[in-house]
There are 2 protein chains.
Amino acid sequence: MRIIVAGGDGFCGWPTALYLSKQGHDVTIVDNLARRKIDEELHSNSVTPIASLEDRVAKWKEVTGNEIRTFIGDLNHYDFLREVFRQVKPEAFVHFAEQRSAPYSMIDREHAAYTQTNNVIGNLNVLYAIKEFAPECHLIKLGTMGEYGTPNIDIEEGYIEIEHKGRKDTLPYPKQPGSFYHLSKVHDSHNIMFACKIWGIRATDLNQGIVYGLHTEETKLDPMLVNRVDYDGVFGTALNRFANQAAIGHDITVYGSGGQTRAFLNIEDTVRCVEIAAENPADNGEFRVFNQFTEWFSVQELADRVQKIAHEEGLDTQVKKIENPRIENEDHYYNAVNTKLRDLGLEPHLLTDDVIRDILLTAVEHKDRIIAENVLPSITWK
Amino acid sequence: MRIIVAGGDGFCGWPTALYLSKQGHDVTIVDNLARRKIDEELHSNSVTPIASLEDRVAKWKEVTGNEIRTFIGDLNHYDFLREVFRQVKPEAFVHFAEQRSAPYSMIDREHAAYTQTNNVIGNLNVLYAIKEFAPECHLIKLGTMGEYGTPNIDIEEGYIEIEHKGRKDTLPYPKQPGSFYHLSKVHDSHNIMFACKIWGIRATDLNQGIVYGLHTEETKLDPMLVNRVDYDGVFGTALNRFANQAAIGHDITVYGSGGQTRAFLNIEDTVRCVEIAAENPADNGEFRVFNQFTEWFSVQELADRVQKIAHEEGLDTQVKKIENPRIENEDHYYNAVNTKLRDLGLEPHLLTDDVIRDILLTAVEHKDRIIAENVLPSITWK
């Protein structure tokens with residue numbers, strides 16, 4: 001299948017591109033390299049030393065014989081995107097190419113506006129490009145479980161049947177996103193739902209949980225194929241960030257009470273979920289939503305588990321509660337449905353101690369690269 | 001009260017600015033005059049000959065002695081908006097300053113992107129300006145009943161209590177907007193809800209129905225104060241558009257079966273609703289939603305009523321069904337709640353035959369200005 005992986009140089013996109021290439025798909029990466037530029041803006045870096053995209057795909061070809069084409073450019077530049085569609089004629093468009101950090105979107109007005117413009121208009125352009133140049137192309141769009149927020153009822157997969165005053169309808173699940181970034185994903189979902197309805201576009205929205213881990217079978221084939229790992233207060237997410245804090249003997253910092261519960265999955269499941277979506281496309285006109293996660297944990301629980309493994313590895317670190325820079329419920333109900341991907345064949349990699357150990361030891365291996373002052377939150381929601 | 005009316009040169013904004021000024025409020029109009037520029041782009045016009053904003057406010061001062069300050073600029077230019085906030089120190093910000101035509105947003109990709117960027121980022125800027133310069137300022141934001149779409153259950157005012165698998169929560173009402181314009185309003189609503197939560201902003205979202213009529217007590221005080229009336233296929237809305245078609249002896253064109261049911265209100269109620277919202281502000285941190293309409297009608301019903309009055313006035317016109325340029329349900333359930341504004345004192349002006357006659361006769365008075373080829377739809381959803 002001819003598959004475009006937009007954002008294919010990023011944390012989820014790179015291993016997904018390799019995995020799909022390994023399965024024999026004809027993969028094209030589209031990326032504007034924004035994530036690398038943001039590293040410069042924030043004086044941050046990946047714990048793992050990542051090669052340039054050019055070197056990455058050259059190494060991939062050397063190791064596997066498989067070619068991955070690349071286009072460096074921005075989805076917000078429609079002339080560029082049009083040319084990509086004309087040349088590639090994609091059958092699936094995997095869309096990871098959005099600004100994906102909640103704290104980054106909360107830095108100030110300009111970062112909020114950048115995040116929403118970049119994400120919403122970029123995605124709108126993809127919808128128009130599919131309509132105009134590849135109407136049968138299946139859009140596989142990365143959403144987030146964070147779109148739902150923490151309602152006091154079970155979270156369903158995209159839609160909910162509501163009985164109200166004696167009548168019934170199945171409606172889009174109400175959204176309560178918790179940052180300007182999460183809001184941009186909600187805006188995207190609404191735009192896509194509409195495009196499916198009026199243009200007959202086929203789309204799958206993957207409402208992904210927080211991803212942990214870094215290696216996949218493919219990224220392990222050569223050091224030059226290694227995936228990026230973020231550990232800082234802006235792009236680092238719970239678990240990966242905790243492991244990096246532990247690696248340098250820093251406190252594992254939990255925001256607020258730590259009672260916040262979130263959905264998680266291993267990066268190895270991310271790549272498989274995208275494959276499942278691609279192999280089982282949505283129907284024409286269908287806006288399909290999958291909740292893409294395998295387990296959920298409270299933040300406190302994760303911190304404790306990382307600390308335990310760190311101690312086993314001889315690393316001295318404490319779990320410390322700090323003031324929550326975000327405004328969010330710290331004590332709430334959480335129960336979310338995630339059966340659709342499993343029904344289509346997903347076999348979850350669960351969060352074992354060995355998985356945590358692997359993340360931790362990778363962080364230890366590269367701990368000289370960790371910039372200590374970056375591991376604490378620097379951006380507040382206030 | 002110091003009130004900014006953003007979009008105060010437009011169809012809803014101008015009569016609202018006058019009405020609030022008449023009630024003794026200190027009114028400032030902010031407008032980028034985009035609506036007048038779009039007339040040039042579309043080779044269209046207002047049926048009524050409207051004066052320049054400068055002449056309008058000068059006449060208002062002459063007639064009433066009341067001063068209305070004006071700032072010509074764009075909410076998307078934050079330097080400008082910041083300066084407006086610094087000078088005015090608003091206690092209420094009435095936000096009409098968005099691209100408001102569904103067909104305009106559907107012209108092509110550029111118009112869709114313009115509509116969403118202009119509306120969403122402009123509104124985001126207003127939220128930041130309130131946070132930074134006037135945290136007690138009450139945002140009174142124009143939304144639309146079109147955000148809800150046509151669900152098969154009753155439409156509530158912004159929120160709905162959902163019982164699901166034995167648990168209950170009150171959540172944002174699910175939205176199914178029908179154009180990139182309507183989507184922009186949904187995006188706004190989500191952004192405002194979040195800003196209220198994290199920054200304690202007070203906001204009222206007025207989900208307004210389709211507005212008909214043109215005159216208010218204030219706009220009738222002098223010909224130079226007359227309101228604009230749109231009749232074309234892009235900005236003209238049902239009823240006003242039908243009256244103008246009838247005025248030139250054109251068929252009254254109903255899209256599809258005409259079974260589409262929509263919520264409506266008189267422009268005289270629009271101005272009063274805004275006053276009610278301003279006088280009864282939302283609490284700090286509250287995102288309050290009012291459904292702002294007084295009655296609902298099917299499109300067919302309205303067309304028939306306009307035809308009947310037209311015949312009484314000796315105008316020969318027929319109701320004709322044409323292919324629906326939109327993609328929408330033409331046969332659907334519709335029942336929407338609108339008690340909050342009435343509970344706060346709204347006394348509706350209902351759609352009597354005399355109201356229809358007044359709109360029709362105004363159109364007849366200015367019928368030489370009507371550009372006949374503009375009364376049919378030129379933009380499709382496909």
# chains A, B, ... in the order shown; residues from 1 in each chain; ligands from 1
call {"tool": "calpha_fit_and_write", "arguments": {"fixed": "chain B", "moving": "chain A", "output": "tab-separated table (two decimals) with C-alpha atoms, in the first residue's frame"}}
result
chain	number	residue	atom	x	y	z
A	1	MET	CA	-21.08	49.95	31.41
A	2	ARG	CA	-18.05	50.18	29.10
A	3	ILE	CA	-18.92	47.80	26.31
A	4	ILE	CA	-16.93	46.90	23.23
A	5	VAL	CA	-19.01	45.71	20.29
A	6	ALA	CA	-16.59	43.89	18.01
A	7	GLY	CA	-18.03	43.57	14.53
A	8	GLY	CA	-20.09	46.66	15.35
A	9	ASP	CA	-20.33	47.68	11.69
A	10	GLY	CA	-22.15	44.47	10.71
A	11	PHE	CA	-25.73	43.29	10.47
A	12	CYS	CA	-26.09	42.27	14.13
A	13	GLY	CA	-23.33	44.47	15.53
A	14	TRP	CA	-24.52	47.85	14.28
A	15	PRO	CA	-28.06	47.74	15.73
A	16	THR	CA	-26.64	46.21	18.92
A	17	ALA	CA	-24.15	49.06	19.31
A	18	LEU	CA	-26.91	51.65	18.83
A	19	TYR	CA	-29.28	49.90	21.21
A	20	LEU	CA	-26.68	49.62	23.96
A	21	SER	CA	-25.66	53.24	23.42
A	22	LYS	CA	-29.31	54.28	23.70
A	23	GLN	CA	-29.58	52.44	27.03
A	24	GLY	CA	-26.79	54.67	28.30
A	25	HIS	CA	-23.84	52.33	27.96
A	26	ASP	CA	-20.44	53.63	26.92
A	27	VAL	CA	-20.08	51.82	23.58
A	28	THR	CA	-16.95	51.29	21.51
A	29	ILE	CA	-17.09	49.67	18.09
A	30	VAL	CA	-14.18	47.56	16.88
A	31	ASP	CA	-14.39	46.43	13.28
A	32	ASN	CA	-12.00	45.60	10.44
A	33	LEU	CA	-14.70	46.38	7.83
A	34	ALA	CA	-14.19	42.89	6.38
A	35	ARG	CA	-17.87	42.52	5.55
A	36	ARG	CA	-17.75	45.57	3.27
A	37	LYS	CA	-14.66	44.19	1.55
A	38	ILE	CA	-16.35	40.83	0.99
A	39	ASP	CA	-19.17	42.69	-0.80
A	40	GLU	CA	-16.52	43.82	-3.27
A	41	GLU	CA	-15.06	40.33	-3.58
A	42	LEU	CA	-18.48	38.80	-4.27
A	43	HIS	CA	-19.78	41.69	-6.38
A	44	SER	CA	-22.64	41.92	-3.94
A	45	ASN	CA	-24.20	44.59	-1.77
A	46	SER	CA	-26.69	45.39	0.95
A	47	VAL	CA	-30.24	46.02	-0.28
A	48	THR	CA	-30.33	49.07	1.92
A	49	PRO	CA	-27.75	51.74	1.09
A	50	ILE	CA	-25.53	51.83	4.16
A	51	ALA	CA	-23.40	54.78	5.17
A	52	SER	CA	-19.74	54.52	6.10
A	53	LEU	CA	-19.07	53.67	9.73
A	54	GLU	CA	-17.66	57.17	10.21
A	55	ASP	CA	-20.86	58.78	8.92
A	56	ARG	CA	-23.02	56.37	10.89
A	57	VAL	CA	-21.51	57.22	14.26
A	58	ALA	CA	-21.41	60.96	13.44
A	59	LYS	CA	-25.13	60.84	12.64
A	60	TRP	CA	-25.80	58.89	15.83
A	61	LYS	CA	-24.07	61.58	17.84
A	62	GLU	CA	-26.05	64.28	16.02
A	63	VAL	CA	-29.38	62.51	16.60
A	64	THR	CA	-28.89	61.33	20.19
A	65	GLY	CA	-25.93	63.21	21.60
A	66	ASN	CA	-24.32	59.86	22.39
A	67	GLU	CA	-20.78	59.21	21.34
A	68	ILE	CA	-19.69	55.82	20.00
A	69	ARG	CA	-15.95	55.41	19.72
A	70	THR	CA	-14.55	53.39	16.85
A	71	PHE	CA	-11.37	51.43	16.31
A	72	ILE	CA	-10.75	50.11	12.80
A	73	GLY	CA	-8.62	47.01	13.00
A	74	ASP	CA	-8.47	43.26	13.21
A	75	LEU	CA	-8.78	41.01	16.26
A	76	ASN	CA	-6.14	38.85	14.64
A	77	HIS	CA	-3.63	41.67	15.13
A	78	TYR	CA	-2.85	41.37	18.79
A	79	ASP	CA	-0.91	44.62	19.01
A	80	PHE	CA	-4.06	46.41	17.86
A	81	LEU	CA	-6.33	44.46	20.20
A	82	ARG	CA	-4.03	45.09	23.17
A	83	GLU	CA	-4.18	48.82	22.49
A	84	VAL	CA	-7.98	48.72	22.30
A	85	PHE	CA	-8.16	46.96	25.67
A	86	ARG	CA	-5.70	49.39	27.24
A	87	GLN	CA	-7.65	52.40	26.09
A	88	VAL	CA	-11.20	51.15	26.63
A	89	LYS	CA	-10.86	48.97	29.75
A	90	PRO	CA	-14.05	47.11	28.77
A	91	GLU	CA	-16.46	45.66	31.31
A	92	ALA	CA	-18.18	43.65	28.57
A	93	PHE	CA	-16.86	42.50	25.20
A	94	VAL	CA	-19.61	41.66	22.71
A	95	HIS	CA	-17.99	39.54	20.03
A	96	PHE	CA	-19.76	39.60	16.65
A	97	ALA	CA	-16.49	40.01	14.70
A	98	GLU	CA	-16.38	36.72	12.83
A	99	GLN	CA	-16.86	35.59	9.25
A	100	ARG	CA	-20.47	34.49	9.53
A	101	SER	CA	-21.50	32.92	6.23
A	102	ALA	CA	-21.64	29.14	5.86
A	103	PRO	CA	-21.55	29.26	2.03
A	104	TYR	CA	-18.61	31.70	2.09
A	105	SER	CA	-16.64	29.20	4.20
A	106	MET	CA	-17.44	26.49	1.64
A	107	ILE	CA	-16.23	28.37	-1.48
A	108	ASP	CA	-12.89	26.60	-1.48
A	109	ARG	CA	-9.96	25.64	0.73
A	110	GLU	CA	-8.72	29.19	1.07
A	111	HIS	CA	-12.08	30.48	2.25
A	112	ALA	CA	-12.43	27.58	4.67
A	113	ALA	CA	-8.96	28.22	6.07
A	114	TYR	CA	-9.60	31.98	6.23
A	115	THR	CA	-12.87	31.46	8.10
A	116	GLN	CA	-11.40	29.10	10.67
A	117	THR	CA	-8.20	31.09	11.19
A	118	ASN	CA	-9.98	34.43	11.34
A	119	ASN	CA	-12.66	33.23	13.73
A	120	VAL	CA	-10.76	30.82	15.96
A	121	ILE	CA	-7.54	32.78	16.35
A	122	GLY	CA	-9.37	36.11	16.57
A	123	ASN	CA	-11.44	34.72	19.41
A	124	LEU	CA	-8.37	33.17	21.04
A	125	ASN	CA	-6.78	36.63	20.99
A	126	VAL	CA	-9.84	38.09	22.70
A	127	LEU	CA	-9.54	35.46	25.43
A	128	TYR	CA	-5.88	36.32	25.98
A	129	ALA	CA	-6.63	40.05	25.96
A	130	ILE	CA	-9.31	39.61	28.61
A	131	LYS	CA	-6.96	37.49	30.69
A	132	GLU	CA	-4.11	39.97	30.41
A	133	PHE	CA	-5.83	43.36	30.46
A	134	ALA	CA	-9.40	43.04	31.75
A	135	PRO	CA	-9.85	39.83	33.76
A	136	GLU	CA	-13.28	40.91	35.03
A	137	CYS	CA	-14.56	41.71	31.54
A	138	HIS	CA	-17.57	39.60	30.55
A	139	LEU	CA	-17.20	37.98	27.14
A	140	ILE	CA	-20.52	37.89	25.29
A	141	LYS	CA	-19.77	35.72	22.30
A	142	LEU	CA	-21.98	35.10	19.32
A	143	GLY	CA	-22.34	31.40	18.65
A	144	THR	CA	-24.98	29.74	16.52
A	145	MET	CA	-27.79	27.22	16.89
A	146	GLY	CA	-26.16	25.58	13.87
A	147	GLU	CA	-23.45	24.25	16.18
A	148	TYR	CA	-25.88	21.59	17.36
A	149	GLY	CA	-26.91	20.33	13.93
A	150	THR	CA	-30.09	18.27	13.94
A	151	PRO	CA	-29.80	15.53	16.57
A	152	ASN	CA	-32.68	13.16	17.09
A	153	ILE	CA	-33.08	14.32	20.69
A	154	ASP	CA	-34.01	17.68	22.20
A	155	ILE	CA	-31.37	20.40	21.98
A	156	GLU	CA	-30.48	21.77	25.42
A	157	GLU	CA	-28.69	25.00	26.23
A	158	GLY	CA	-25.03	24.13	25.94
A	159	TYR	CA	-24.94	21.17	28.31
A	160	ILE	CA	-26.76	17.89	28.71
A	161	GLU	CA	-27.07	15.52	31.63
A	162	ILE	CA	-26.13	12.06	30.45
A	163	GLU	CA	-26.85	8.86	32.30
A	164	HIS	CA	-24.61	6.11	31.03
A	165	LYS	CA	-23.93	2.64	32.39
A	166	GLY	CA	-25.30	3.58	35.78
A	167	ARG	CA	-23.37	6.84	36.18
A	168	LYS	CA	-24.29	10.45	35.50
A	169	ASP	CA	-22.56	13.64	34.40
A	170	THR	CA	-23.50	16.96	32.87
A	171	LEU	CA	-21.36	17.40	29.79
A	172	PRO	CA	-21.04	19.81	26.87
A	173	TYR	CA	-23.87	19.14	24.43
A	174	PRO	CA	-22.51	17.12	21.44
A	175	LYS	CA	-22.05	19.24	18.33
A	176	GLN	CA	-22.68	18.34	14.69
A	177	PRO	CA	-22.06	21.55	12.75
A	178	GLY	CA	-22.81	21.70	9.05
A	179	SER	CA	-20.13	23.90	7.44
A	180	PHE	CA	-16.58	25.08	8.03
A	181	TYR	CA	-18.11	28.29	9.36
A	182	HIS	CA	-20.33	26.45	11.84
A	183	LEU	CA	-17.33	24.36	12.80
A	184	SER	CA	-15.36	27.52	13.62
A	185	LYS	CA	-18.05	28.44	16.15
A	186	VAL	CA	-17.82	24.99	17.73
A	187	HIS	CA	-14.05	25.40	17.98
A	188	ASP	CA	-14.58	28.81	19.61
A	189	SER	CA	-17.01	27.35	22.15
A	190	HIS	CA	-14.49	24.72	23.20
A	191	ASN	CA	-11.70	27.28	23.47
A	192	ILE	CA	-13.84	29.61	25.57
A	193	MET	CA	-15.01	26.82	27.87
A	194	PHE	CA	-11.38	25.99	28.56
A	195	ALA	CA	-10.33	29.62	29.13
A	196	CYS	CA	-13.16	30.05	31.64
A	197	LYS	CA	-11.98	26.97	33.48
A	198	ILE	CA	-8.28	27.81	33.70
A	199	TRP	CA	-8.31	31.60	33.90
A	200	GLY	CA	-11.62	32.27	35.62
A	201	ILE	CA	-12.94	34.23	32.65
A	202	ARG	CA	-16.67	34.92	32.65
A	203	ALA	CA	-18.34	34.16	29.32
A	204	THR	CA	-21.75	33.84	27.76
A	205	ASP	CA	-22.06	31.98	24.47
A	206	LEU	CA	-25.16	33.10	22.59
A	207	ASN	CA	-26.17	30.28	20.29
A	208	GLN	CA	-28.22	32.40	17.99
A	209	GLY	CA	-30.81	31.25	15.49
A	210	ILE	CA	-31.20	32.76	12.04
A	211	VAL	CA	-31.90	36.48	12.32
A	212	TYR	CA	-34.56	38.14	10.20
A	213	GLY	CA	-35.69	41.73	9.94
A	214	LEU	CA	-33.47	44.75	9.66
A	215	HIS	CA	-34.91	47.73	11.53
A	216	THR	CA	-34.69	48.45	15.21
A	217	GLU	CA	-36.07	51.51	16.98
A	218	GLU	CA	-32.60	53.03	16.76
A	219	THR	CA	-31.78	52.31	13.12
A	220	LYS	CA	-35.11	53.92	12.17
A	221	LEU	CA	-34.13	57.27	13.69
A	222	ASP	CA	-32.41	58.42	10.50
A	223	PRO	CA	-31.85	56.97	7.00
A	224	MET	CA	-28.12	57.19	7.61
A	225	LEU	CA	-28.50	54.77	10.52
A	226	VAL	CA	-30.12	52.06	8.41
A	227	ASN	CA	-28.90	48.50	8.91
A	228	ARG	CA	-27.48	46.36	6.12
A	229	VAL	CA	-29.63	43.61	4.60
A	230	ASP	CA	-28.16	40.67	2.73
A	231	TYR	CA	-30.17	38.85	0.11
A	232	ASP	CA	-27.59	37.00	-1.95
A	233	GLY	CA	-26.93	33.27	-2.01
A	234	VAL	CA	-23.82	33.65	0.13
A	235	PHE	CA	-24.75	36.00	2.99
A	236	GLY	CA	-28.51	36.20	2.64
A	237	THR	CA	-30.38	33.96	5.07
A	238	ALA	CA	-33.79	32.34	4.75
A	239	LEU	CA	-36.70	34.78	5.09
A	240	ASN	CA	-34.70	37.95	4.40
A	241	ARG	CA	-33.52	36.31	1.16
A	242	PHE	CA	-37.01	35.09	0.31
A	243	ALA	CA	-38.46	38.57	0.80
A	244	ASN	CA	-35.88	40.05	-1.57
A	245	GLN	CA	-36.52	37.37	-4.17
A	246	ALA	CA	-40.24	38.17	-3.98
A	247	ALA	CA	-39.56	41.89	-4.24
A	248	ILE	CA	-38.06	41.50	-7.71
A	249	GLY	CA	-40.60	38.94	-8.89
A	250	HIS	CA	-38.09	36.09	-8.69
A	251	ASP	CA	-39.08	32.60	-7.57
A	252	ILE	CA	-38.69	32.01	-3.86
A	253	THR	CA	-36.12	29.24	-3.97
A	254	VAL	CA	-36.26	26.51	-1.36
A	255	TYR	CA	-33.24	24.20	-1.07
A	256	GLY	CA	-34.28	20.58	-1.45
A	257	SER	CA	-37.51	19.43	0.20
A	258	GLY	CA	-37.70	22.48	2.46
A	259	GLY	CA	-38.25	20.26	5.46
A	260	GLN	CA	-35.14	21.68	7.13
A	261	THR	CA	-36.26	23.23	10.40
A	262	ARG	CA	-34.28	26.07	11.92
A	263	ALA	CA	-34.52	28.39	14.91
A	264	PHE	CA	-35.22	32.08	14.17
A	265	LEU	CA	-35.42	35.43	15.88
A	266	ASN	CA	-36.04	39.06	15.03
A	267	ILE	CA	-33.07	41.45	14.98
A	268	GLU	CA	-34.95	43.43	17.65
A	269	ASP	CA	-34.58	40.44	19.94
A	270	THR	CA	-30.90	40.04	19.11
A	271	VAL	CA	-30.10	43.45	20.53
A	272	ARG	CA	-32.21	42.84	23.62
A	273	CYS	CA	-30.62	39.43	24.26
A	274	VAL	CA	-27.17	40.99	24.27
A	275	GLU	CA	-28.36	43.60	26.76
A	276	ILE	CA	-29.83	40.88	28.99
A	277	ALA	CA	-26.56	38.98	28.89
A	278	ALA	CA	-24.59	42.12	29.71
A	279	GLU	CA	-26.83	43.07	32.62
A	280	ASN	CA	-26.72	39.56	34.04
A	281	PRO	CA	-23.08	38.56	33.58
A	282	ALA	CA	-21.76	35.06	33.92
A	283	ASP	CA	-19.85	34.32	37.11
A	284	ASN	CA	-16.08	34.24	37.16
A	285	GLY	CA	-15.01	30.97	35.58
A	286	GLU	CA	-18.49	30.28	34.24
A	287	PHE	CA	-19.02	29.30	30.61
A	288	ARG	CA	-22.70	29.96	30.19
A	289	VAL	CA	-24.65	29.05	27.07
A	290	PHE	CA	-27.95	30.61	26.04
A	291	ASN	CA	-29.94	29.44	23.04
A	292	GLN	CA	-30.91	32.74	21.45
A	293	PHE	CA	-34.01	32.28	19.33
A	294	THR	CA	-37.74	32.70	19.74
A	295	GLU	CA	-39.43	30.33	17.29
A	296	TRP	CA	-38.62	27.65	14.76
A	297	PHE	CA	-39.93	27.09	11.27
A	298	SER	CA	-39.30	24.81	8.35
A	299	VAL	CA	-37.84	26.54	5.33
A	300	GLN	CA	-40.89	25.56	3.29
A	301	GLU	CA	-43.22	27.15	5.83
A	302	LEU	CA	-41.31	30.43	5.67
A	303	ALA	CA	-41.29	30.45	1.90
A	304	ASP	CA	-45.04	29.91	1.83
A	305	ARG	CA	-45.63	32.74	4.28
A	306	VAL	CA	-43.48	35.16	2.30
A	307	GLN	CA	-45.31	34.18	-0.88
A	308	LYS	CA	-48.68	34.79	0.77
A	309	ILE	CA	-47.72	38.29	1.92
A	310	ALA	CA	-46.14	39.03	-1.45
A	311	HIS	CA	-49.39	38.12	-3.18
A	312	GLU	CA	-51.31	40.38	-0.82
A	313	GLU	CA	-48.95	43.17	-1.86
A	314	GLY	CA	-49.56	42.45	-5.52
A	315	LEU	CA	-46.22	40.76	-6.15
A	316	ASP	CA	-46.24	37.72	-8.38
A	317	THR	CA	-43.83	35.08	-7.09
A	318	GLN	CA	-43.82	31.30	-6.82
A	319	VAL	CA	-42.16	28.98	-4.34
A	320	LYS	CA	-39.79	26.72	-6.24
A	321	LYS	CA	-37.78	23.81	-4.93
A	322	ILE	CA	-34.23	23.70	-6.26
A	323	GLU	CA	-31.41	21.23	-5.77
A	324	ASN	CA	-29.98	21.64	-2.29
A	325	PRO	CA	-26.44	23.04	-2.57
A	326	ARG	CA	-25.79	21.97	1.03
A	327	ILE	CA	-25.46	18.52	2.50
A	328	GLU	CA	-27.94	18.42	5.36
A	329	ASN	CA	-30.93	16.47	6.63
A	330	GLU	CA	-34.09	17.71	4.97
A	331	ASP	CA	-36.42	15.69	7.14
A	332	HIS	CA	-35.53	15.57	10.80
A	333	TYR	CA	-36.66	15.96	14.38
A	334	TYR	CA	-36.26	19.43	15.90
A	335	ASN	CA	-37.00	20.58	19.39
A	336	ALA	CA	-34.74	23.08	21.11
A	337	VAL	CA	-34.84	24.63	24.55
A	338	ASN	CA	-34.63	28.43	24.87
A	339	THR	CA	-35.82	29.29	28.35
A	340	LYS	CA	-32.76	30.96	29.85
A	341	LEU	CA	-33.07	34.31	28.08
A	342	ARG	CA	-36.82	34.40	28.59
A	343	ASP	CA	-36.32	33.69	32.29
A	344	LEU	CA	-34.06	36.75	32.36
A	345	GLY	CA	-36.72	38.95	30.79
A	346	LEU	CA	-36.74	38.52	27.02
A	347	GLU	CA	-40.14	39.31	25.54
A	348	PRO	CA	-40.04	37.86	22.03
A	349	HIS	CA	-41.07	39.74	18.91
A	350	LEU	CA	-42.77	36.92	17.05
A	351	LEU	CA	-42.90	36.53	13.31
A	352	THR	CA	-46.20	38.11	12.38
A	353	ASP	CA	-47.41	38.82	8.87
A	354	ASP	CA	-46.70	42.50	9.50
A	355	VAL	CA	-43.06	41.73	10.24
A	356	ILE	CA	-42.77	39.84	6.97
A	357	ARG	CA	-44.55	42.69	5.19
A	358	ASP	CA	-42.11	45.21	6.64
A	359	ILE	CA	-39.10	43.24	5.37
A	360	LEU	CA	-40.76	42.77	2.00
A	361	LEU	CA	-41.66	46.43	1.59
A	362	THR	CA	-38.15	47.53	2.51
A	363	ALA	CA	-36.86	45.20	-0.18
A	364	VAL	CA	-39.37	46.64	-2.65
A	365	GLU	CA	-38.34	50.18	-1.73
A	366	HIS	CA	-34.72	49.41	-2.63
A	367	LYS	CA	-35.33	46.78	-5.29
A	368	ASP	CA	-33.29	48.64	-7.90
A	369	ARG	CA	-30.25	47.80	-5.82
A	370	ILE	CA	-30.84	44.05	-5.94
A	371	ILE	CA	-28.46	42.24	-8.27
A	372	ALA	CA	-30.72	39.54	-9.67
A	373	GLU	CA	-28.03	36.98	-10.47
A	374	ASN	CA	-26.94	36.98	-6.84
A	375	VAL	CA	-30.17	35.61	-5.39
A	376	LEU	CA	-29.47	32.00	-6.37
A	377	PRO	CA	-26.94	29.76	-4.62
A	378	SER	CA	-23.57	29.63	-6.33
A	379	ILE	CA	-21.62	27.53	-3.84
A	380	THR	CA	-22.10	23.85	-3.17
A	381	TRP	CA	-20.97	21.68	-0.29
A	382	LYS	CA	-19.65	19.04	-2.72
call {"tool": "select_by_dssp", "arguments": {"residues": "range 173-372 of chain A", "states": "helix (DSSP H, G or I)", "output": "PyMOL selection string"}}
result
chain A and resi 180-199+219-221+223-225+240-247+267-279+299-312+339-343+353-365+367-369+372
call {"tool": "select_by_dssp", "arguments": {"residues": "range 82-264 of chain B", "states": "strand (DSSP E or B)", "output": "PyMOL selection string"}}
result
chain B and resi 92-95+138-144+155+159-164+167-172+202-208+210-212+252-255+261-264
